[in-house]
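File shown: start-v4.txt. Contents: compact mmCIF, C-alpha atoms and all ligand atoms.
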# COMPACT_ATOMS: atom_id res chain seq x y z
CA MET Y 4 -0.77 -190.14 225.93
CA LYS Y 5 -2.99 -192.51 224.01
CA ILE Y 6 -2.77 -193.10 220.25
CA ASP Y 7 -5.55 -195.14 218.61
CA ILE Y 8 -4.89 -196.36 215.07
CA LEU Y 9 -7.81 -197.39 212.86
CA THR Y 10 -6.87 -199.69 209.96
CA VAL Y 11 -8.13 -202.43 207.66
CA VAL Y 12 -4.74 -204.18 207.91
CA PRO Y 13 -3.97 -204.38 211.65
CA GLY Y 14 -1.37 -207.05 210.92
CA LEU Y 15 0.83 -204.43 209.28
CA LEU Y 16 1.24 -202.78 212.68
CA ASP Y 17 1.90 -206.01 214.62
CA GLY Y 18 4.97 -205.58 216.69
CA ALA Y 19 5.71 -202.07 215.41
CA PHE Y 20 5.43 -200.66 218.92
CA SER Y 21 6.54 -203.62 221.05
CA HIS Y 22 10.26 -203.03 220.91
CA SER Y 23 12.91 -200.62 222.02
CA ILE Y 24 11.90 -197.10 223.00
CA LEU Y 25 8.15 -197.31 222.36
CA LYS Y 26 7.97 -200.53 224.36
CA ARG Y 27 9.69 -198.76 227.23
CA ALA Y 28 7.18 -195.91 226.89
CA ALA Y 29 4.32 -198.41 227.12
CA ASP Y 30 5.92 -200.22 230.08
CA LYS Y 31 6.27 -196.89 231.91
CA LYS Y 32 2.59 -196.14 231.13
CA LEU Y 33 3.60 -192.97 229.32
CA LEU Y 34 2.18 -194.10 225.98
CA GLU Y 35 -0.67 -196.44 225.07
CA ILE Y 36 -1.09 -197.47 221.44
CA ASN Y 37 -4.20 -199.37 220.34
CA VAL Y 38 -4.60 -200.84 216.87
CA ILE Y 39 -8.28 -201.07 215.90
CA ASN Y 40 -9.69 -203.08 213.00
CA LEU Y 41 -12.12 -201.10 210.85
CA ARG Y 42 -13.83 -204.37 209.86
CA ASP Y 43 -15.20 -204.63 213.40
CA TYR Y 44 -17.40 -201.63 212.60
CA THR Y 45 -19.29 -202.73 209.48
CA ASN Y 46 -22.63 -204.52 209.34
CA LEU Y 47 -22.23 -205.55 205.70
CA PRO Y 48 -21.74 -209.18 204.60
CA ARG Y 49 -18.14 -210.43 204.57
CA ALA Y 50 -17.18 -207.42 206.72
CA GLN Y 51 -17.07 -205.20 203.66
CA VAL Y 52 -15.56 -201.75 204.26
CA ASP Y 53 -14.83 -200.54 200.72
CA ASP Y 54 -16.71 -200.11 197.45
CA TYR Y 55 -16.34 -198.90 193.86
CA GLN Y 56 -16.11 -195.16 193.37
CA PHE Y 57 -19.03 -193.18 192.01
CA GLY Y 58 -18.32 -191.84 188.55
CA GLY Y 59 -16.28 -194.87 187.65
CA GLY Y 60 -12.56 -195.52 187.71
CA ALA Y 61 -10.21 -198.13 189.05
CA GLY Y 62 -9.65 -198.65 192.75
CA MET Y 63 -11.82 -199.15 195.78
CA VAL Y 64 -12.77 -196.44 198.26
CA LEU Y 65 -13.22 -196.89 202.01
CA MET Y 66 -16.90 -196.30 202.82
CA ILE Y 67 -17.96 -193.53 205.18
CA GLU Y 68 -20.31 -195.65 207.29
CA PRO Y 69 -17.82 -198.04 208.92
CA LEU Y 70 -15.43 -195.12 209.46
CA VAL Y 71 -18.10 -193.06 211.23
CA ASN Y 72 -19.33 -196.10 213.21
CA ALA Y 73 -15.77 -196.66 214.40
CA VAL Y 74 -15.05 -193.01 215.25
CA GLU Y 75 -18.35 -192.53 217.10
CA SER Y 76 -17.87 -195.73 219.04
CA LEU Y 77 -14.28 -194.81 219.98
CA GLN Y 78 -15.43 -191.31 220.98
CA GLN Y 79 -17.60 -192.89 223.69
CA LYS Y 80 -14.33 -193.66 225.48
CA SER Y 81 -11.97 -190.92 224.32
CA ILE Y 82 -12.07 -187.24 223.52
CA TYR Y 83 -9.62 -186.89 220.66
CA ASP Y 84 -7.45 -183.79 220.36
CA GLU Y 85 -6.98 -184.60 216.69
CA ILE Y 86 -8.39 -187.11 214.23
CA ILE Y 87 -5.57 -187.50 211.75
CA PHE Y 88 -5.90 -189.01 208.29
CA LEU Y 89 -2.62 -190.32 206.86
CA THR Y 90 -2.50 -189.40 203.19
CA PRO Y 91 0.12 -188.39 200.62
CA ASP Y 92 -1.75 -185.13 200.04
CA GLY Y 93 -1.55 -184.11 203.72
CA LYS Y 94 0.84 -181.70 205.40
CA THR Y 95 4.36 -183.14 205.33
CA LEU Y 96 5.51 -184.44 208.71
CA ASN Y 97 8.49 -182.67 210.22
CA GLN Y 98 10.03 -182.38 213.68
CA LYS Y 99 8.04 -179.26 214.53
CA LEU Y 100 4.76 -181.06 213.83
CA ALA Y 101 5.90 -184.13 215.83
CA ASN Y 102 6.83 -181.82 218.73
CA SER Y 103 3.42 -180.17 218.77
CA LEU Y 104 1.54 -183.48 218.55
CA SER Y 105 3.61 -184.92 221.43
CA LEU Y 106 1.88 -182.39 223.71
CA LYS Y 107 -1.60 -183.88 223.06
CA ASN Y 108 -3.39 -186.46 225.20
CA ASN Y 109 -5.46 -188.43 222.72
CA LEU Y 110 -4.91 -188.96 219.02
CA LEU Y 111 -6.83 -191.05 216.50
CA LEU Y 112 -4.90 -192.01 213.36
CA ILE Y 113 -6.89 -193.19 210.35
CA CYS Y 114 -5.10 -195.32 207.76
CA GLY Y 115 -6.43 -195.14 204.22
CA HIS Y 116 -6.12 -197.92 201.70
CA TYR Y 117 -7.01 -198.61 198.10
CA LYS Y 118 -7.91 -195.43 196.23
CA GLY Y 119 -8.60 -193.48 199.41
CA ILE Y 120 -11.51 -192.77 201.71
CA ASP Y 121 -14.87 -191.14 201.06
CA GLN Y 122 -14.34 -187.37 200.90
CA ARG Y 123 -17.33 -186.73 203.18
CA PHE Y 124 -15.44 -188.40 206.03
CA ARG Y 125 -12.42 -186.19 205.40
CA ASP Y 126 -14.57 -183.06 205.27
CA ASN Y 127 -16.62 -183.75 208.40
CA PHE Y 128 -14.62 -185.93 210.80
CA VAL Y 129 -10.91 -185.55 210.07
CA THR Y 130 -9.23 -182.61 211.83
CA MET Y 131 -5.74 -182.93 210.33
CA GLU Y 132 -4.16 -184.65 207.31
CA ILE Y 133 -0.52 -185.74 207.40
CA SER Y 134 1.86 -187.19 204.79
CA ILE Y 135 5.29 -188.58 205.64
CA GLY Y 136 6.93 -187.51 202.38
CA ASP Y 137 6.58 -187.10 198.66
CA TYR Y 138 6.21 -190.71 197.57
CA VAL Y 139 3.29 -193.11 197.58
CA LEU Y 140 2.83 -196.00 200.01
CA SER Y 141 0.23 -198.74 199.53
CA GLY Y 142 -1.57 -197.66 202.68
CA GLY Y 143 -1.38 -195.35 205.66
CA GLU Y 144 -0.20 -198.01 208.16
CA LEU Y 145 3.53 -197.59 207.76
CA ALA Y 146 3.05 -193.82 207.77
CA ALA Y 147 1.01 -194.13 211.00
CA ALA Y 148 3.83 -196.17 212.54
CA VAL Y 149 6.35 -193.49 211.54
CA LEU Y 150 4.14 -190.74 212.96
CA ALA Y 151 3.46 -192.60 216.23
CA ASP Y 152 7.18 -193.32 216.69
CA SER Y 153 8.20 -189.72 216.03
CA ILE Y 154 5.60 -188.49 218.55
CA GLY Y 155 6.01 -191.23 221.19
CA ARG Y 156 9.73 -190.73 221.70
CA LEU Y 157 9.16 -187.03 222.46
CA ILE Y 158 6.82 -187.62 225.41
CA PRO Y 159 8.58 -186.41 228.56
CA GLY Y 160 10.18 -189.33 230.41
CA VAL Y 161 10.27 -191.70 227.43
CA LEU Y 162 13.89 -191.03 226.53
CA ASN Y 163 16.60 -191.03 229.15
CA ASP Y 164 19.51 -188.58 229.21
CA GLU Y 165 21.73 -190.60 226.90
CA SER Y 166 19.17 -190.73 224.14
CA SER Y 167 17.72 -187.30 224.88
CA ALA Y 168 15.56 -185.92 222.11
CA LEU Y 169 17.32 -182.58 222.53
CA THR Y 170 20.44 -183.81 220.73
CA ASP Y 171 18.58 -185.29 217.74
CA SER Y 172 19.06 -184.24 214.19
CA PHE Y 173 16.52 -181.54 213.29
CA GLN Y 174 15.62 -180.62 216.87
CA ASP Y 175 17.54 -177.36 216.47
CA ASP Y 176 17.54 -177.30 212.65
CA LEU Y 177 20.96 -178.96 212.63
CA LEU Y 178 21.86 -182.51 211.65
CA ALA Y 179 23.48 -184.57 214.41
CA PRO Y 180 27.29 -184.63 214.61
CA PRO Y 181 29.18 -187.88 213.85
CA VAL Y 182 29.56 -190.38 216.70
CA TYR Y 183 32.20 -193.05 217.42
CA THR Y 184 32.68 -195.96 219.80
CA ARG Y 185 35.37 -198.58 220.50
CA PRO Y 186 37.86 -199.40 219.17
CA GLU Y 187 39.78 -196.14 218.98
CA ASP Y 188 41.72 -197.45 215.97
CA PHE Y 189 40.08 -199.90 213.54
CA ARG Y 190 42.43 -200.97 210.71
CA GLY Y 191 44.08 -197.57 210.82
CA MET Y 192 40.74 -195.69 210.80
CA LYS Y 193 41.04 -193.46 213.85
CA VAL Y 194 38.58 -191.65 216.07
CA PRO Y 195 39.02 -187.83 215.99
CA PRO Y 196 41.53 -187.10 218.81
CA VAL Y 197 39.43 -184.30 220.31
CA LEU Y 198 36.86 -186.91 221.43
CA MET Y 199 39.59 -188.68 223.43
CA SER Y 200 40.82 -185.41 225.03
CA GLY Y 201 38.50 -185.43 228.04
CA ASN Y 202 37.94 -181.69 227.50
CA HIS Y 203 34.16 -181.35 227.48
CA LYS Y 204 34.10 -177.76 226.34
CA LEU Y 205 36.33 -178.55 223.34
CA ILE Y 206 34.23 -181.63 222.56
CA GLU Y 207 30.99 -179.64 222.60
CA GLU Y 208 32.54 -177.00 220.31
CA TRP Y 209 33.77 -179.68 217.94
CA ARG Y 210 30.36 -181.35 217.84
CA HIS Y 211 28.60 -178.10 217.10
CA GLU Y 212 31.11 -177.30 214.35
CA LYS Y 213 30.57 -180.73 212.78
CA ALA Y 214 26.79 -180.39 213.02
CA VAL Y 215 26.96 -177.03 211.23
CA GLU Y 216 29.35 -178.42 208.59
CA ARG Y 217 27.13 -181.45 207.95
CA THR Y 218 23.98 -179.38 207.71
CA GLN Y 219 25.53 -176.90 205.24
CA LEU Y 220 26.83 -179.76 203.12
CA LEU Y 221 23.92 -182.23 203.24
CA ARG Y 222 20.86 -180.05 203.92
CA PRO Y 223 21.53 -176.48 202.77
CA ASP Y 224 17.74 -176.12 202.52
CA ILE Y 225 17.28 -176.28 206.31
CA PHE Y 226 20.46 -174.43 207.24
CA LYS Y 227 19.97 -171.13 209.06
CA SER Y 228 23.17 -169.24 209.88
CL1 LIG Y 301 0.47 -190.85 204.95
N1 LIG Y 301 -0.01 -192.52 203.00
C1 LIG Y 301 0.29 -193.10 201.83
N2 LIG Y 301 -0.52 -194.03 201.34
N3 LIG Y 301 1.37 -192.81 201.14
C2 LIG Y 301 2.18 -191.89 201.66
C3 LIG Y 301 1.94 -191.25 202.86
C4 LIG Y 301 0.81 -191.60 203.52
N4 LIG Y 301 2.92 -190.37 203.11
C5 LIG Y 301 3.75 -190.49 202.09
N5 LIG Y 301 3.32 -191.38 201.20
Once more with this new file: its structure as structure tokens, please.
Ligand code: 6GU
Amino acid sequence: MKIDILTVVPGLLDGAFSHSILKRAADKKLLEINVINLRDYTNLPRAQVDDYQFGGGAGMVLMIEPLVNAVESLQQKSIYDEIIFLTPDGKTLNQKLANSLSLKNNLLLICGHYKGIDQRFRDNFVTMEISIGDYVLSGGELAAAVLADSIGRLIPGVLNDESSALTDSFQDDLLAPPVYTRPEDFRGMKVPPVLMSGNHKLIEEWRHEKAVERTQLLRPDIFKS
């Protein structure tokens, strides 16, 4: 899979994908992430990409021309399955959406900044709008990083058995059960004995029970009996 990210602040994404699981995905050639600077696609002086909004009001708006120049140039090399604009008024990201996007081959993520982007670009070029939650960020970059991470780790072969996506919180509408590692007793705080029993069936039952308990307690809104 390839994910291209178009931004006016490429520095915000420096290093976001060069560690841990997404680095492994890149090393295994399962995922390629390219950060593209929108300023490379304007012909205006001082690499201008934004302007005042018609009708007045505070805040700059990303201009349609550099955005379209960039998209059309990138489309010479890639056929995008989705052109996604990251925006607080988009559809809220959840695991189901990440799962479905992880099945695509080519995604283009567009990061907004300032007051937003020209509506004509949204109407005519964007195919999907995604938010990462009900709060406002200063730009779409951190949201794009969250989205790319949530998608990238789901690509088959990226995670190994130990970190399998199948046991994640939310994958089956349950939060993950608690986990423990050495030592077995830290200052009198002990690991639940069932985990030391060696009985895998009992352990699986206990984990499921804890996952259900946690979900009912912490996220009654997602709990299905
Ligand atoms: Cl995608 N962008 C911005 N600027 N703020 C957000 C967001 C996106 N998702 C939640 N807040």
Identify, on the basis of only C-alpha atoms, every residue whose closest approach to Val71 in chain Y does not exceed 10 Å; exclude the query and any residue fewer than 5 positions from it along the same chain; express the result as JSON, numbers by chain. {"Y": [44, 45, 66, 76, 77, 124, 127, 128]}
CA of Asn72 in chain Y to CA of Gly119 in chain Y, distance in Å rounded to a single decimal: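 Taking CA of Asn72 in chain Y and CA of Gly119 in chain Y, their separation equals 17.7 Å.
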Using all atoms listed in the file, which of the listed residues (Y:Leu150, Y:Ala101, Y:Val11, Y:Ile24) sits closest to ligand LIG 301 (chain Y)? Y:Leu150
If you measure from CA of Asp137 in chain Y to CA of Lys213 in chain Y, what distance in Å do you get, rounded to one decimal? 28.6 Å
Mind dumping a table of every range 86-150 of chain Y residue within 10 Å of range 53-61 of chain Y, with the nearest atom pair and its distance in Å to one decimal, using only C-alpha atoms, sorted by chain and rising number, as a tab-separated table?
residue	atom	partner	partner_atom	distance
Y:His116	CA	Y:Asp53	CA	9.1
Y:Tyr117	CA	Y:Asp53	CA	8.5
Y:Lys118	CA	Y:Ala61	CA	8.0
Y:Gly119	CA	Y:Asp53	CA	9.5
Y:Ile120	CA	Y:Asp53	CA	8.5
Y:Asp121	CA	Y:Gln56	CA	8.8
Using only C-alpha atoms and all ligand atoms, determine which residues fall within 9 Å of ligand LIG 301 (chain Y), then list them as a VMD selection string. chain Y and resid 88 to 93 95 to 96 114 to 117 119 132 to 147 150
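Nearest to Asp152 in chain Y of all the residues Y:Leu33, Y:Leu47, Y:Val215, Y:Ala19 is Y:Ala19, counting all atoms listed in the file.
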Could you check how far CA of Ile154 in chain Y sits from CA of Ser105 in chain Y, in Å to one decimal? 5.0 Å
Write out as an MDAnalysis selection string which residues come within 12 Å of Glu187 in chain Y when counting only C-alpha atoms, dropping same-chain ones fewer than 6 positions away. chainID Y and resid 193:199
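Nearest residue to Leu25 in chain Y, choosing from Y:Val129, Y:Leu41, Y:Ile113, Y:Leu162 and counting all atoms listed in the file: Y:Leu162.
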Counting all atoms listed in the file, what is within 10 Å of Ser172 in chain Y, bar same-chain residues fewer than 6 positions away, as a PyMOL selection string? chain Y and resi 98+178-180+214+218
Selected residue of minimal separation from Ala148 in chain Y among Y:Ile86, Y:Gly201, Y:Gly160, Y:Leu112, counting all atoms listed in the file: Y:Leu112
From the set Y:Lys5, Y:Lys26, Y:Arg222, Y:Lys99, which residue has the shortest atom-to-atom contact distance to Gln174 in chain Y, counting all atoms listed in the file?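 Comparing Y:Lys5, Y:Lys26, Y:Arg222, Y:Lys99 against Gln174 in chain Y, the winner is Y:Lys99.
With all atoms listed in the file as the atoms that count, the minimum distance from Lys107 in chain Y to the choices Y:Leu157, Y:Leu65, Y:Ser23, Y:Gln78 is reached by Y:Leu157.
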Restrict the output to range 118-134 of chain Y and all heavy atoms, then write it as a PDB file, in the first residue's frame.
ATOM      1  N   LYS Y 118      -7.797  28.441   8.179  1.00  0.00           N
ATOM      2  CA  LYS Y 118      -9.247  28.395   8.324  1.00  0.00           C
ATOM      3  C   LYS Y 118      -9.842  27.204   7.580  1.00  0.00           C
ATOM      4  O   LYS Y 118     -11.002  26.873   7.737  1.00  0.00           O
ATOM      5  CB  LYS Y 118      -9.826  29.705   7.755  1.00  0.00           C
ATOM      6  CG  LYS Y 118     -11.133  30.140   8.358  1.00  0.00           C
ATOM      7  CD  LYS Y 118     -11.006  30.596   9.779  1.00  0.00           C
ATOM      8  CE  LYS Y 118     -12.310  30.456  10.547  1.00  0.00           C
ATOM      9  NZ  LYS Y 118     -12.086  30.639  11.982  1.00  0.00           N
ATOM     10  N   GLY Y 119      -9.062  26.573   6.726  1.00  0.00           N
ATOM     11  CA  GLY Y 119      -9.601  25.465   5.945  1.00  0.00           C
ATOM     12  C   GLY Y 119      -9.106  25.511   4.516  1.00  0.00           C
ATOM     13  O   GLY Y 119      -8.109  26.168   4.223  1.00  0.00           O
ATOM     14  N   ILE Y 120      -9.784  24.797   3.633  1.00  0.00           N
ATOM     15  CA  ILE Y 120      -9.405  24.811   2.228  1.00  0.00           C
ATOM     16  C   ILE Y 120     -10.608  25.238   1.399  1.00  0.00           C
ATOM     17  O   ILE Y 120     -11.748  25.081   1.827  1.00  0.00           O
ATOM     18  CB  ILE Y 120      -8.863  23.440   1.748  1.00  0.00           C
ATOM     19  CG1 ILE Y 120      -9.956  22.371   1.731  1.00  0.00           C
ATOM     20  CG2 ILE Y 120      -7.706  22.983   2.637  1.00  0.00           C
ATOM     21  CD1 ILE Y 120      -9.460  21.024   1.224  1.00  0.00           C
ATOM     22  N   ASP Y 121     -10.335  25.758   0.223  1.00  0.00           N
ATOM     23  CA  ASP Y 121     -11.398  26.234  -0.665  1.00  0.00           C
ATOM     24  C   ASP Y 121     -12.430  25.127  -0.893  1.00  0.00           C
ATOM     25  O   ASP Y 121     -12.089  23.997  -1.243  1.00  0.00           O
ATOM     26  CB  ASP Y 121     -10.770  26.669  -2.006  1.00  0.00           C
ATOM     27  CG  ASP Y 121     -11.744  27.453  -2.874  1.00  0.00           C
ATOM     28  OD1 ASP Y 121     -12.784  26.880  -3.274  1.00  0.00           O
ATOM     29  OD2 ASP Y 121     -11.454  28.633  -3.149  1.00  0.00           O
ATOM     30  N   GLN Y 122     -13.704  25.469  -0.660  1.00  0.00           N
ATOM     31  CA  GLN Y 122     -14.784  24.474  -0.734  1.00  0.00           C
ATOM     32  C   GLN Y 122     -14.852  23.792  -2.094  1.00  0.00           C
ATOM     33  O   GLN Y 122     -15.240  22.622  -2.193  1.00  0.00           O
ATOM     34  CB  GLN Y 122     -16.130  25.136  -0.400  1.00  0.00           C
ATOM     35  CG  GLN Y 122     -17.310  24.172  -0.340  1.00  0.00           C
ATOM     36  CD  GLN Y 122     -17.172  23.110   0.752  1.00  0.00           C
ATOM     37  OE1 GLN Y 122     -16.648  23.377   1.831  1.00  0.00           O
ATOM     38  NE2 GLN Y 122     -17.619  21.894   0.468  1.00  0.00           N
ATOM     39  N   ARG Y 123     -14.470  24.513  -3.157  1.00  0.00           N
ATOM     40  CA  ARG Y 123     -14.543  23.910  -4.496  1.00  0.00           C
ATOM     41  C   ARG Y 123     -13.628  22.700  -4.618  1.00  0.00           C
ATOM     42  O   ARG Y 123     -13.916  21.753  -5.342  1.00  0.00           O
ATOM     43  CB  ARG Y 123     -14.209  24.957  -5.570  1.00  0.00           C
ATOM     44  CG  ARG Y 123     -15.284  26.025  -5.686  1.00  0.00           C
ATOM     45  CD  ARG Y 123     -14.808  27.185  -6.505  1.00  0.00           C
ATOM     46  NE  ARG Y 123     -13.730  27.926  -5.823  1.00  0.00           N
ATOM     47  CZ  ARG Y 123     -13.176  29.030  -6.290  1.00  0.00           C
ATOM     48  NH1 ARG Y 123     -13.554  29.517  -7.469  1.00  0.00           N
ATOM     49  NH2 ARG Y 123     -12.212  29.641  -5.620  1.00  0.00           N
ATOM     50  N   PHE Y 124     -12.505  22.713  -3.873  1.00  0.00           N
ATOM     51  CA  PHE Y 124     -11.630  21.540  -3.891  1.00  0.00           C
ATOM     52  C   PHE Y 124     -12.305  20.363  -3.179  1.00  0.00           C
ATOM     53  O   PHE Y 124     -12.276  19.226  -3.651  1.00  0.00           O
ATOM     54  CB  PHE Y 124     -10.278  21.878  -3.242  1.00  0.00           C
ATOM     55  CG  PHE Y 124      -9.326  20.713  -3.257  1.00  0.00           C
ATOM     56  CD1 PHE Y 124      -8.659  20.363  -4.420  1.00  0.00           C
ATOM     57  CD2 PHE Y 124      -9.112  19.963  -2.111  1.00  0.00           C
ATOM     58  CE1 PHE Y 124      -7.787  19.270  -4.443  1.00  0.00           C
ATOM     59  CE2 PHE Y 124      -8.248  18.875  -2.126  1.00  0.00           C
ATOM     60  CZ  PHE Y 124      -7.584  18.528  -3.293  1.00  0.00           C
ATOM     61  N   ARG Y 125     -12.952  20.676  -2.059  1.00  0.00           N
ATOM     62  CA  ARG Y 125     -13.656  19.611  -1.326  1.00  0.00           C
ATOM     63  C   ARG Y 125     -14.764  19.017  -2.191  1.00  0.00           C
ATOM     64  O   ARG Y 125     -14.958  17.800  -2.234  1.00  0.00           O
ATOM     65  CB  ARG Y 125     -14.237  20.166  -0.018  1.00  0.00           C
ATOM     66  CG  ARG Y 125     -13.158  20.567   0.965  1.00  0.00           C
ATOM     67  CD  ARG Y 125     -13.715  21.289   2.174  1.00  0.00           C
ATOM     68  NE  ARG Y 125     -14.443  20.420   3.100  1.00  0.00           N
ATOM     69  CZ  ARG Y 125     -14.766  20.781   4.345  1.00  0.00           C
ATOM     70  NH1 ARG Y 125     -14.428  21.969   4.804  1.00  0.00           N
ATOM     71  NH2 ARG Y 125     -15.417  19.958   5.118  1.00  0.00           N
ATOM     72  N   ASP Y 126     -15.503  19.875  -2.864  1.00  0.00           N
ATOM     73  CA  ASP Y 126     -16.656  19.410  -3.650  1.00  0.00           C
ATOM     74  C   ASP Y 126     -16.246  18.573  -4.857  1.00  0.00           C
ATOM     75  O   ASP Y 126     -16.952  17.652  -5.254  1.00  0.00           O
ATOM     76  CB  ASP Y 126     -17.472  20.607  -4.162  1.00  0.00           C
ATOM     77  CG  ASP Y 126     -18.160  21.367  -3.037  1.00  0.00           C
ATOM     78  OD1 ASP Y 126     -18.303  20.789  -1.936  1.00  0.00           O
ATOM     79  OD2 ASP Y 126     -18.538  22.538  -3.255  1.00  0.00           O
ATOM     80  N   ASN Y 127     -15.110  18.885  -5.458  1.00  0.00           N
ATOM     81  CA  ASN Y 127     -14.786  18.299  -6.767  1.00  0.00           C
ATOM     82  C   ASN Y 127     -13.610  17.330  -6.792  1.00  0.00           C
ATOM     83  O   ASN Y 127     -13.438  16.609  -7.771  1.00  0.00           O
ATOM     84  CB  ASN Y 127     -14.531  19.419  -7.779  1.00  0.00           C
ATOM     85  CG  ASN Y 127     -15.785  20.241  -8.019  1.00  0.00           C
ATOM     86  OD1 ASN Y 127     -16.738  19.746  -8.616  1.00  0.00           O
ATOM     87  ND2 ASN Y 127     -15.823  21.467  -7.518  1.00  0.00           N
ATOM     88  N   PHE Y 128     -12.791  17.310  -5.748  1.00  0.00           N
ATOM     89  CA  PHE Y 128     -11.612  16.440  -5.776  1.00  0.00           C
ATOM     90  C   PHE Y 128     -11.543  15.469  -4.599  1.00  0.00           C
ATOM     91  O   PHE Y 128     -11.003  14.378  -4.733  1.00  0.00           O
ATOM     92  CB  PHE Y 128     -10.330  17.290  -5.830  1.00  0.00           C
ATOM     93  CG  PHE Y 128     -10.195  18.026  -7.130  1.00  0.00           C
ATOM     94  CD1 PHE Y 128     -10.785  19.283  -7.308  1.00  0.00           C
ATOM     95  CD2 PHE Y 128      -9.518  17.462  -8.202  1.00  0.00           C
ATOM     96  CE1 PHE Y 128     -10.683  19.955  -8.511  1.00  0.00           C
ATOM     97  CE2 PHE Y 128      -9.414  18.124  -9.419  1.00  0.00           C
ATOM     98  CZ  PHE Y 128      -9.998  19.377  -9.579  1.00  0.00           C
ATOM     99  N   VAL Y 129     -12.064  15.892  -3.459  1.00  0.00           N
ATOM    100  CA  VAL Y 129     -11.999  15.042  -2.266  1.00  0.00           C
ATOM    101  C   VAL Y 129     -13.069  13.959  -2.361  1.00  0.00           C
ATOM    102  O   VAL Y 129     -14.201  14.235  -2.752  1.00  0.00           O
ATOM    103  CB  VAL Y 129     -12.193  15.919  -1.009  1.00  0.00           C
ATOM    104  CG1 VAL Y 129     -12.432  15.071   0.228  1.00  0.00           C
ATOM    105  CG2 VAL Y 129     -10.984  16.844  -0.810  1.00  0.00           C
ATOM    106  N   THR Y 130     -12.707  12.710  -2.016  1.00  0.00           N
ATOM    107  CA  THR Y 130     -13.700  11.627  -2.081  1.00  0.00           C
ATOM    108  C   THR Y 130     -14.179  11.201  -0.694  1.00  0.00           C
ATOM    109  O   THR Y 130     -15.153  10.467  -0.570  1.00  0.00           O
ATOM    110  CB  THR Y 130     -13.131  10.381  -2.804  1.00  0.00           C
ATOM    111  OG1 THR Y 130     -12.012   9.887  -2.052  1.00  0.00           O
ATOM    112  CG2 THR Y 130     -12.691  10.723  -4.220  1.00  0.00           C
ATOM    113  N   MET Y 131     -13.470  11.646   0.354  1.00  0.00           N
ATOM    114  CA  MET Y 131     -13.834  11.221   1.704  1.00  0.00           C
ATOM    115  C   MET Y 131     -13.276  12.246   2.683  1.00  0.00           C
ATOM    116  O   MET Y 131     -12.182  12.749   2.471  1.00  0.00           O
ATOM    117  CB  MET Y 131     -13.199   9.844   1.960  1.00  0.00           C
ATOM    118  CG  MET Y 131     -13.634   9.150   3.210  1.00  0.00           C
ATOM    119  SD  MET Y 131     -12.741   7.589   3.412  1.00  0.00           S
ATOM    120  CE  MET Y 131     -13.875   6.456   2.676  1.00  0.00           C
ATOM    121  N   GLU Y 132     -14.035  12.566   3.743  1.00  0.00           N
ATOM    122  CA  GLU Y 132     -13.544  13.506   4.756  1.00  0.00           C
ATOM    123  C   GLU Y 132     -13.553  12.806   6.111  1.00  0.00           C
ATOM    124  O   GLU Y 132     -14.549  12.213   6.500  1.00  0.00           O
ATOM    125  CB  GLU Y 132     -14.421  14.761   4.789  1.00  0.00           C
ATOM    126  CG  GLU Y 132     -14.396  15.484   3.434  1.00  0.00           C
ATOM    127  CD  GLU Y 132     -14.971  16.887   3.459  1.00  0.00           C
ATOM    128  OE1 GLU Y 132     -15.876  17.165   4.283  1.00  0.00           O
ATOM    129  OE2 GLU Y 132     -14.502  17.718   2.654  1.00  0.00           O
ATOM    130  N   ILE Y 133     -12.416  12.877   6.793  1.00  0.00           N
ATOM    131  CA  ILE Y 133     -12.273  12.149   8.059  1.00  0.00           C
ATOM    132  C   ILE Y 133     -11.784  13.082   9.158  1.00  0.00           C
ATOM    133  O   ILE Y 133     -10.889  13.911   8.952  1.00  0.00           O
ATOM    134  CB  ILE Y 133     -11.291  10.955   7.896  1.00  0.00           C
ATOM    135  CG1 ILE Y 133     -11.874   9.932   6.913  1.00  0.00           C
ATOM    136  CG2 ILE Y 133     -11.004  10.293   9.242  1.00  0.00           C
ATOM    137  CD1 ILE Y 133     -10.974   8.731   6.656  1.00  0.00           C
ATOM    138  N   SER Y 134     -12.396  12.925  10.340  1.00  0.00           N
ATOM    139  CA  SER Y 134     -11.979  13.607  11.571  1.00  0.00           C
ATOM    140  C   SER Y 134     -11.445  12.542  12.513  1.00  0.00           C
ATOM    141  O   SER Y 134     -11.838  11.382  12.430  1.00  0.00           O
ATOM    142  CB  SER Y 134     -13.195  14.300  12.197  1.00  0.00           C
ATOM    143  OG  SER Y 134     -12.966  14.571  13.571  1.00  0.00           O
TER     144      SER Y 134
END
